[in-house]
file coords_9.cif (mmCIF, C-alpha atoms and all ligand atoms)
data_upload
loop_
_atom_site.label_atom_id
_atom_site.label_comp_id
_atom_site.auth_asym_id
_atom_site.auth_seq_id
_atom_site.Cartn_x
_atom_site.Cartn_y
_atom_site.Cartn_z
CA MET A 1 0.00 0.00 0.00
CA ARG A 2 1.16 3.53 -0.78
CA ILE A 3 0.43 6.34 1.72
CA ASP A 4 1.25 10.05 1.31
CA VAL A 5 0.82 12.43 4.26
CA PHE A 6 0.92 16.24 3.87
CA SER A 7 1.56 18.31 7.00
CA ILE A 8 3.32 21.49 8.16
CA PHE A 9 4.74 19.39 11.04
CA PRO A 10 6.25 16.33 9.33
CA GLU A 11 8.19 15.54 12.55
CA TYR A 12 4.83 14.87 14.23
CA LEU A 13 4.66 11.68 12.16
CA ALA A 14 8.06 10.34 13.26
CA PRO A 15 6.40 7.49 15.26
CA LEU A 16 5.53 5.90 11.90
CA ASP A 17 9.22 4.81 11.78
CA LEU A 18 8.64 2.58 14.84
CA SER A 19 7.32 -0.88 15.69
CA LEU A 20 5.22 -2.88 13.21
CA ILE A 21 4.50 0.11 10.94
CA GLY A 22 8.20 0.97 10.73
CA LYS A 23 8.98 -2.65 9.94
CA ALA A 24 6.27 -2.78 7.24
CA ARG A 25 7.88 0.29 5.65
CA ARG A 26 11.36 -1.22 5.75
CA THR A 27 10.17 -4.52 4.23
CA GLY A 28 8.26 -2.71 1.47
CA LEU A 29 4.73 -3.74 2.53
CA LEU A 30 4.04 -0.06 3.16
CA ASP A 31 5.37 2.76 0.95
CA LEU A 32 4.75 5.77 3.22
CA THR A 33 6.02 9.31 2.52
CA VAL A 34 5.49 12.36 4.73
CA HIS A 35 5.58 15.66 2.79
CA ASP A 36 6.21 19.10 4.28
CA LEU A 37 3.42 21.35 2.99
CA ARG A 38 5.81 24.33 3.11
CA GLU A 39 7.76 22.76 0.23
CA PHE A 40 4.79 23.82 -1.92
CA THR A 41 5.04 27.53 -1.02
CA HIS A 42 7.06 30.05 -3.06
CA ASP A 43 7.33 33.15 -0.85
CA ARG A 44 10.27 33.97 1.43
CA HIS A 45 8.27 33.22 4.59
CA ARG A 46 6.83 29.95 3.23
CA THR A 47 3.35 31.16 4.18
CA VAL A 48 0.62 28.54 4.56
CA ASP A 49 -2.08 30.56 6.37
CA ASP A 50 -4.03 33.80 6.22
CA ALA A 51 -6.86 35.61 8.02
CA PRO A 52 -10.36 34.13 7.74
CA ALA A 53 -12.63 35.73 5.14
CA GLY A 54 -15.50 37.40 6.97
CA GLY A 55 -13.37 37.91 10.08
CA GLY A 56 -13.14 35.91 13.28
CA ALA A 57 -10.52 34.22 15.42
CA GLY A 58 -7.47 32.29 14.23
CA MET A 59 -6.05 31.62 10.79
CA VAL A 60 -7.12 29.56 7.77
CA MET A 61 -4.82 27.48 5.55
CA LYS A 62 -4.36 29.11 2.13
CA PRO A 63 -5.54 27.18 -0.93
CA GLU A 64 -2.45 27.58 -3.19
CA PRO A 65 0.07 25.36 -1.35
CA TRP A 66 -2.61 22.68 -0.87
CA ALA A 67 -3.59 22.75 -4.56
CA GLU A 68 0.03 22.35 -5.61
CA ALA A 69 0.67 19.57 -3.06
CA LEU A 70 -2.47 17.60 -3.92
CA GLY A 71 -1.81 18.17 -7.63
CA THR A 72 1.28 15.95 -7.31
CA LEU A 73 -1.10 13.06 -6.50
CA ALA A 74 -2.95 13.48 -9.80
CA GLU A 75 -0.03 13.38 -12.23
CA GLY A 76 -0.21 9.70 -13.22
CA PRO A 77 -3.11 7.45 -14.25
CA ARG A 78 -3.88 6.30 -10.66
CA ARG A 79 -5.56 8.31 -7.89
CA PRO A 80 -5.48 7.91 -4.11
CA THR A 81 -8.42 8.28 -1.75
CA LEU A 82 -7.82 11.58 0.07
CA LEU A 83 -8.56 11.32 3.79
CA VAL A 84 -9.08 14.60 5.62
CA PRO A 85 -8.89 14.59 9.45
CA SER A 86 -11.52 16.92 10.84
CA PRO A 87 -13.70 17.09 13.97
CA SER A 88 -16.59 17.60 11.52
CA GLY A 89 -15.82 14.46 9.49
CA GLN A 90 -17.55 11.06 9.40
CA PRO A 91 -16.73 8.97 12.52
CA PHE A 92 -13.77 6.63 11.81
CA THR A 93 -14.62 3.00 12.64
CA GLN A 94 -13.14 -0.48 12.34
CA ALA A 95 -15.44 -1.02 9.33
CA MET A 96 -13.83 2.00 7.64
CA ALA A 97 -10.35 0.69 8.53
CA ARG A 98 -11.21 -2.64 6.85
CA GLU A 99 -12.47 -0.84 3.76
CA LEU A 100 -9.37 1.40 3.52
CA ALA A 101 -7.05 -1.59 4.02
CA GLN A 102 -8.34 -2.92 0.66
CA GLN A 103 -7.16 0.18 -1.23
CA ASP A 104 -3.71 0.47 -2.72
CA TRP A 105 -3.20 4.22 -2.31
CA LEU A 106 -4.26 6.58 0.49
CA ALA A 107 -3.33 10.23 1.06
CA PHE A 108 -3.89 12.43 4.13
CA ALA A 109 -4.18 16.24 4.22
CA CYS A 110 -3.46 17.47 7.76
CA GLY A 111 -5.03 20.81 8.52
CA ARG A 112 -3.91 23.11 11.36
CA TYR A 113 -5.30 26.38 12.71
CA GLU A 114 -9.03 26.86 12.00
CA GLY A 115 -8.89 24.54 8.98
CA ILE A 116 -8.21 24.54 5.23
CA ASP A 117 -9.98 26.87 2.77
CA GLU A 118 -13.14 24.95 1.73
CA ARG A 119 -12.37 25.41 -1.98
CA VAL A 120 -9.40 23.04 -1.60
CA TYR A 121 -11.81 20.18 -0.87
CA GLU A 122 -14.04 21.08 -3.84
CA HIS A 123 -10.98 21.19 -6.10
CA ALA A 124 -9.53 17.95 -4.71
CA ALA A 125 -12.88 16.19 -5.21
CA THR A 126 -12.59 16.89 -8.97
CA LEU A 127 -9.31 14.92 -8.93
CA MET A 128 -9.89 12.06 -6.45
CA PRO A 129 -12.34 10.68 -3.85
CA VAL A 130 -12.25 12.86 -0.70
CA ARG A 131 -13.32 11.53 2.72
CA PRO A 132 -13.36 13.80 5.80
CA PHE A 133 -13.14 11.67 8.97
CA SER A 134 -13.22 12.26 12.73
CA LEU A 135 -11.80 10.21 15.60
CA GLY A 136 -14.54 11.27 17.99
CA ASP A 137 -16.39 14.18 19.48
CA TYR A 138 -13.51 16.27 20.78
CA VAL A 139 -11.09 18.72 19.14
CA LEU A 140 -7.40 18.17 18.34
CA ASN A 141 -5.04 20.98 17.32
CA GLY A 142 -4.41 19.40 13.94
CA GLY A 143 -4.84 16.24 11.90
CA GLU A 144 -1.42 14.67 12.59
CA VAL A 145 -2.38 12.64 15.68
CA ALA A 146 -5.51 11.41 13.87
CA VAL A 147 -3.34 10.28 10.95
CA LEU A 148 -1.12 8.28 13.34
CA ALA A 149 -4.23 6.51 14.62
CA VAL A 150 -5.76 5.80 11.22
CA VAL A 151 -2.51 4.65 9.58
CA GLU A 152 -1.99 2.22 12.46
CA ALA A 153 -5.59 0.94 12.38
CA VAL A 154 -5.43 0.41 8.59
CA ALA A 155 -1.85 -0.85 8.17
CA ARG A 156 -2.24 -3.60 10.79
CA LEU A 157 -5.02 -5.09 8.61
CA ILE A 158 -2.70 -5.43 5.60
CA PRO A 159 -1.71 -9.10 5.29
CA GLY A 160 1.85 -9.58 6.59
CA VAL A 161 2.03 -6.44 8.77
CA ILE A 162 0.99 -8.34 11.94
CA GLY A 163 2.90 -11.56 12.56
CA ASN A 164 0.00 -13.30 14.29
CA ALA A 165 -3.01 -12.68 12.02
CA GLU A 166 -5.15 -14.81 14.39
CA SER A 167 -5.00 -11.97 16.92
CA LEU A 168 -7.07 -9.88 14.47
CA VAL A 169 -10.24 -11.99 14.54
CA GLU A 170 -11.29 -11.89 18.21
CA GLU A 171 -10.66 -8.18 18.74
CA SER A 172 -12.88 -5.43 20.04
CA HIS A 173 -15.09 -3.99 17.28
CA GLU A 174 -14.54 -6.83 14.80
CA ASP A 175 -17.99 -8.32 15.59
CA GLY A 176 -19.65 -5.45 17.45
CA LEU A 177 -18.56 -6.57 20.95
CA LEU A 178 -15.68 -5.39 23.14
CA GLU A 179 -12.77 -7.72 23.97
CA TYR A 180 -12.87 -10.12 26.96
CA PRO A 181 -10.40 -9.50 29.85
CA VAL A 182 -7.05 -11.31 29.60
CA TYR A 183 -4.68 -12.68 32.26
CA THR A 184 -1.25 -14.31 32.44
CA LYS A 185 0.97 -15.86 35.14
CA PRO A 186 1.31 -15.77 38.11
CA ALA A 187 -2.00 -17.51 38.97
CA VAL A 188 -2.19 -15.39 42.15
CA TRP A 189 -0.80 -11.85 42.19
CA GLN A 190 -1.27 -9.45 45.12
CA ASP A 191 -4.03 -11.75 46.46
CA ARG A 192 -5.88 -11.53 43.15
CA GLU A 193 -6.58 -14.80 41.32
CA VAL A 194 -6.80 -15.53 37.63
CA PRO A 195 -10.46 -16.64 37.13
CA ALA A 196 -10.63 -20.38 37.92
CA VAL A 197 -12.31 -21.30 34.63
CA LEU A 198 -9.21 -20.12 32.72
CA MET A 199 -7.06 -22.56 34.73
CA SER A 200 -9.52 -25.45 34.25
CA GLY A 201 -8.41 -26.55 30.79
CA HIS A 202 -12.11 -26.89 29.89
CA HIS A 203 -12.12 -25.37 26.43
CA ALA A 204 -15.90 -25.05 25.94
CA GLN A 205 -16.37 -23.45 29.37
CA ILE A 206 -13.54 -21.00 28.68
CA GLU A 207 -15.16 -19.99 25.38
CA ARG A 208 -18.51 -19.50 27.12
CA TRP A 209 -16.92 -17.43 29.92
CA ARG A 210 -15.14 -15.19 27.42
CA ARG A 211 -18.32 -14.63 25.44
CA ASP A 212 -20.24 -13.73 28.62
CA GLU A 213 -17.51 -11.31 29.71
CA ARG A 214 -17.60 -9.63 26.29
CA LEU A 215 -21.37 -9.20 26.51
CA ARG A 216 -21.27 -7.91 30.10
CA ARG A 217 -18.42 -5.49 29.42
CA THR A 218 -20.06 -4.16 26.26
CA ALA A 219 -23.40 -3.67 28.03
CA ARG A 220 -21.71 -1.81 30.89
CA ARG A 221 -19.25 0.36 28.94
CA ARG A 222 -20.91 0.70 25.54
CA PRO A 223 -24.68 0.24 25.71
CA ASP A 224 -24.84 1.97 22.31
CA LEU A 225 -23.09 -1.06 20.78
CA ILE A 226 -25.59 -3.51 22.33
CA LEU A 227 -28.44 -1.63 20.65
CA LYS A 228 -26.65 -1.96 17.28
CA LEU A 229 -26.04 -5.76 17.60
CA ASP A 230 -27.71 -8.01 15.04
CA PRO A 231 -30.06 -10.12 17.27
CA GLY A 232 -29.43 -13.04 14.89
CA THR A 233 -25.80 -13.28 16.13
CA LEU A 234 -26.94 -13.85 19.76
CA ASP A 235 -27.39 -17.41 21.06
CA LYS A 236 -29.74 -18.56 23.86
CA VAL A 237 -27.10 -18.17 26.57
CA ASP A 238 -26.21 -14.66 25.28
CA ARG A 239 -29.80 -13.58 25.78
CA ALA A 240 -29.69 -14.80 29.39
CA VAL A 241 -26.45 -12.88 30.17
CL1 LIG A 301 -9.68 13.61 12.68
N1 LIG A 301 -9.01 16.03 13.52
C1 LIG A 301 -9.03 17.03 14.41
N2 LIG A 301 -8.36 18.16 14.14
N3 LIG A 301 -9.69 16.98 15.56
C2 LIG A 301 -10.34 15.85 15.80
C3 LIG A 301 -10.35 14.77 14.93
C4 LIG A 301 -9.68 14.89 13.77
N4 LIG A 301 -11.10 13.79 15.46
C5 LIG A 301 -11.52 14.24 16.61
N5 LIG A 301 -11.07 15.48 16.84
#

call {"tool": "encode", "arguments": {"input": "coords_9.cif", "output": "structure tokens", "more": "lines below"}}
Ligand code: 6GU
result
Amino acid sequence: MRIDVFSIFPEYLAPLDLSLIGKARRTGLLDLTVHDLREFTHDRHRTVDDAPAGGGAGMVMKPEPWAEALGTLAEGPRRPTLLVPSPSGQPFTQAMARELAQQDWLAFACGRYEGIDERVYEHAATLMPVRPFSLGDYVLNGGEVAVLAVVEAVARLIPGVIGNAESLVEESHEDGLLEYPVYTKPAVWQDREVPAVLMSGHHAQIERWRRDERLRRTARRRPDLILKLDPGTLDKVDRAV
């Protein structure tokens, strides 16, 4: 997969050199480039912002550097999907991560200040699909941290990026339920025991316990997810939990 990220703080994306994402880049599974938006300015001060039309607080990102930067994505026959981090975007979900993991080229336009001039999005949409997304109902100073989250969520679904692909199937949000609690040795730690069923070796009972814990935890922490569950996926014991 190819990924291009445009930002005025390219150093913010340095963590993408680390861990499994860094390894995927070094082995060629992921071709990720971070571009400094200021490289697409031509004035002495490398200006990327200006006062908002109509007045008001803060600054707005100028259209010209963005048009030139995004234009570099439309030079060949292929086009990326342009992802735009924004608190007013569509909520980013595991379903969206799965969909994006199927694509072979993604680009990210990180805004700062009060945002990017709206005409940039209209122009970009004539060149490529544009998808504004949000991580949740709170405000970040810019899109860079959101890009770190989305690149990680997407890249780990690319075959080969995670060594143990089995660990992907029973995760939170893959089937609408949260993950069950996990334990390791020692069997007793600070007077707290690992649940006895997990030490029993009784595979069917362990499976049932884990399922019950997932249902209980989801009901307690995320009642909104319980309401969205497909009733057809619940068995008789689930209904009793
Ligand atoms: Cl994707 N961007 C920004 N700037 N703030 C956010 C966000 C994204 N998601 C939640 N808050």

call {"tool": "closest_residue", "arguments": {"input": "coords_9.cif", "among": "A:Leu83, A:Leu178, A:Leu227, A:Leu198", "to": "Phe133 of chain A", "atoms": "all atoms listed in the file"}}
result
A:Leu83

call {"tool": "closest_residue", "arguments": {"input": "coords_9.cif", "among": "A:Glu152, A:Asp104, A:Asp137, A:Asp49", "to": "ligand LIG 301 (chain A)", "atoms": "all atoms listed in the file"}}
result
A:Asp137

call {"tool": "closest_atom_pairs", "arguments": {"input": "coords_9.cif", "of": "chain A", "to": "ligand LIG 301 (chain A)", "cutoff": "6 Å", "atoms": "all atoms listed in the file", "output": "JSON lines"}}
result
{"residue": "A:Pro85", "atom": "CA", "partner": "A:LIG301", "partner_atom": "CL1", "distance": 3.5}
{"residue": "A:Ser86", "atom": "CA", "partner": "A:LIG301", "partner_atom": "N1", "distance": 3.8}
{"residue": "A:Pro87", "atom": "CA", "partner": "A:LIG301", "partner_atom": "C2", "distance": 4.0}
{"residue": "A:Phe133", "atom": "CA", "partner": "A:LIG301", "partner_atom": "CL1", "distance": 5.4}
{"residue": "A:Ser134", "atom": "CA", "partner": "A:LIG301", "partner_atom": "N4", "distance": 3.8}
{"residue": "A:Leu135", "atom": "CA", "partner": "A:LIG301", "partner_atom": "N4", "distance": 3.7}
{"residue": "A:Gly136", "atom": "CA", "partner": "A:LIG301", "partner_atom": "C5", "distance": 4.5}
{"residue": "A:Asp137", "atom": "CA", "partner": "A:LIG301", "partner_atom": "C5", "distance": 5.7}
{"residue": "A:Tyr138", "atom": "CA", "partner": "A:LIG301", "partner_atom": "N5", "distance": 4.7}
{"residue": "A:Val139", "atom": "CA", "partner": "A:LIG301", "partner_atom": "N5", "distance": 4.0}
{"residue": "A:Leu140", "atom": "CA", "partner": "A:LIG301", "partner_atom": "N3", "distance": 3.8}
{"residue": "A:Asn141", "atom": "CA", "partner": "A:LIG301", "partner_atom": "N2", "distance": 5.4}
{"residue": "A:Gly142", "atom": "CA", "partner": "A:LIG301", "partner_atom": "N2", "distance": 4.1}
{"residue": "A:Gly143", "atom": "CA", "partner": "A:LIG301", "partner_atom": "N1", "distance": 4.5}
{"residue": "A:Ala146", "atom": "CA", "partner": "A:LIG301", "partner_atom": "CL1", "distance": 4.9}

call {"tool": "closest_residue", "arguments": {"input": "coords_9.cif", "among": "A:Ala124, A:Met59, A:Ala149, A:Ala95", "to": "Pro15 of chain A", "atoms": "all atoms listed in the file"}}
result
A:Ala149

call {"tool": "residues_around", "arguments": {"input": "coords_9.cif", "residues": "Arg79 of chain A", "least_positions_apart": "6", "cutoff": "10 Å", "atoms": "all atoms listed in the file", "output": "ChimeraX atom specification"}}
result
/A:73,104-107,127-129

call {"tool": "residues_around", "arguments": {"input": "coords_9.cif", "residues": "Leu157 of chain A", "least_positions_apart": "3", "cutoff": "9 Å", "atoms": "only C-alpha atoms", "output": "PyMOL selection string"}}
result
chain A and resi 97-98+101-102+152-154+160-162+165+168

call {"tool": "closest_residue", "arguments": {"input": "coords_9.cif", "among": "A:Gly163, A:Gly58, A:Pro186, A:Pro80", "to": "Arg112 of chain A", "atoms": "all atoms listed in the file"}}
result
A:Gly58

call {"tool": "closest_residue", "arguments": {"input": "coords_9.cif", "among": "A:Arg156, A:Arg2, A:Arg217, A:Lys228", "to": "Leu32 of chain A", "atoms": "only C-alpha atoms"}}
result
A:Arg2

call {"tool": "atom_distance", "arguments": {"input": "coords_9.cif", "atom1": "atom CA of Val241 of chain A", "atom2": "atom CA of Glu213 of chain A"}}
result
9.1 Å

call {"tool": "closest_residue", "arguments": {"input": "coords_9.cif", "among": "A:Asn164, A:Leu177, A:Arg222, A:Glu207", "to": "Leu20 of chain A", "atoms": "only C-alpha atoms"}}
result
A:Asn164

call {"tool": "atom_distance", "arguments": {"input": "coords_9.cif", "atom1": "atom CA of Arg239 of chain A", "atom2": "atom CA of Val169 of chain A"}}
result
22.6 Å

call {"tool": "residues_around", "arguments": {"input": "coords_9.cif", "residues": "Glu64 of chain A", "least_positions_apart": "4", "cutoff": "12 Å", "atoms": "all atoms listed in the file", "output": "PyMOL selection string"}}
result
chain A and resi 37-43+46-50+68-71+116-117+119-120+123

call {"tool": "atom_distance", "arguments": {"input": "coords_9.cif", "atom1": "atom CA of Asp230 of chain A", "atom2": "atom CA of Met96 of chain A"}}
result
18.6 Å

call {"tool": "axis_aligned_box", "arguments": {"input": "coords_9.cif", "around": "segment 46-59 of chain A", "padding_each_side": "8 Å", "output": "JSON"}}
result
{"center_x": -4.3, "center_y": 33.2, "center_z": 9.3, "size_x": 38.3, "size_y": 25.4, "size_z": 28.2}

call {"tool": "residues_around", "arguments": {"input": "coords_9.cif", "residues": "Tyr183 of chain A", "least_positions_apart": "5", "cutoff": "10 Å", "atoms": "only C-alpha atoms", "output": "PDB file with C-alpha atoms, in the frame of the given file"}}
result
ATOM      1  CA  GLU A 193      -6.580 -14.800  41.320  1.00  0.00           C
ATOM      2  CA  VAL A 194      -6.800 -15.530  37.630  1.00  0.00           C
ATOM      3  CA  PRO A 195     -10.460 -16.640  37.130  1.00  0.00           C
ATOM      4  CA  LEU A 198      -9.210 -20.120  32.720  1.00  0.00           C
TER       5      LEU A 198
END

call {"tool": "residues_near_point", "arguments": {"input": "coords_9.cif", "point": "(-16.2, -17.4, 30.4)", "cutoff": "10 Å", "atoms": "all atoms listed in the file", "output": "PyMOL selection string"}}
result
chain A and resi 180-181+195-198+203-214

call {"tool": "decode", "arguments": {"input": "coords_9.cif", "residues": "segment 159-172 of chain A", "atoms": "C-alpha atoms", "output": "PDB file, in the first residue's frame"}}
result
ATOM      1  CA  PRO A 159      -1.705  -9.103   5.286  1.00  0.00           C
ATOM      2  CA  GLY A 160       1.847  -9.577   6.586  1.00  0.00           C
ATOM      3  CA  VAL A 161       2.030  -6.445   8.773  1.00  0.00           C
ATOM      4  CA  ILE A 162       0.994  -8.335  11.936  1.00  0.00           C
ATOM      5  CA  GLY A 163       2.895 -11.557  12.560  1.00  0.00           C
ATOM      6  CA  ASN A 164       0.000 -13.297  14.294  1.00  0.00           C
ATOM      7  CA  ALA A 165      -3.007 -12.683  12.023  1.00  0.00           C
ATOM      8  CA  GLU A 166      -5.151 -14.810  14.394  1.00  0.00           C
ATOM      9  CA  SER A 167      -5.003 -11.971  16.920  1.00  0.00           C
ATOM     10  CA  LEU A 168      -7.070  -9.882  14.466  1.00  0.00           C
ATOM     11  CA  VAL A 169     -10.236 -11.993  14.535  1.00  0.00           C
ATOM     12  CA  GLU A 170     -11.291 -11.886  18.213  1.00  0.00           C
ATOM     13  CA  GLU A 171     -10.662  -8.181  18.743  1.00  0.00           C
ATOM     14  CA  SER A 172     -12.880  -5.434  20.043  1.00  0.00           C
TER      15      SER A 172
END
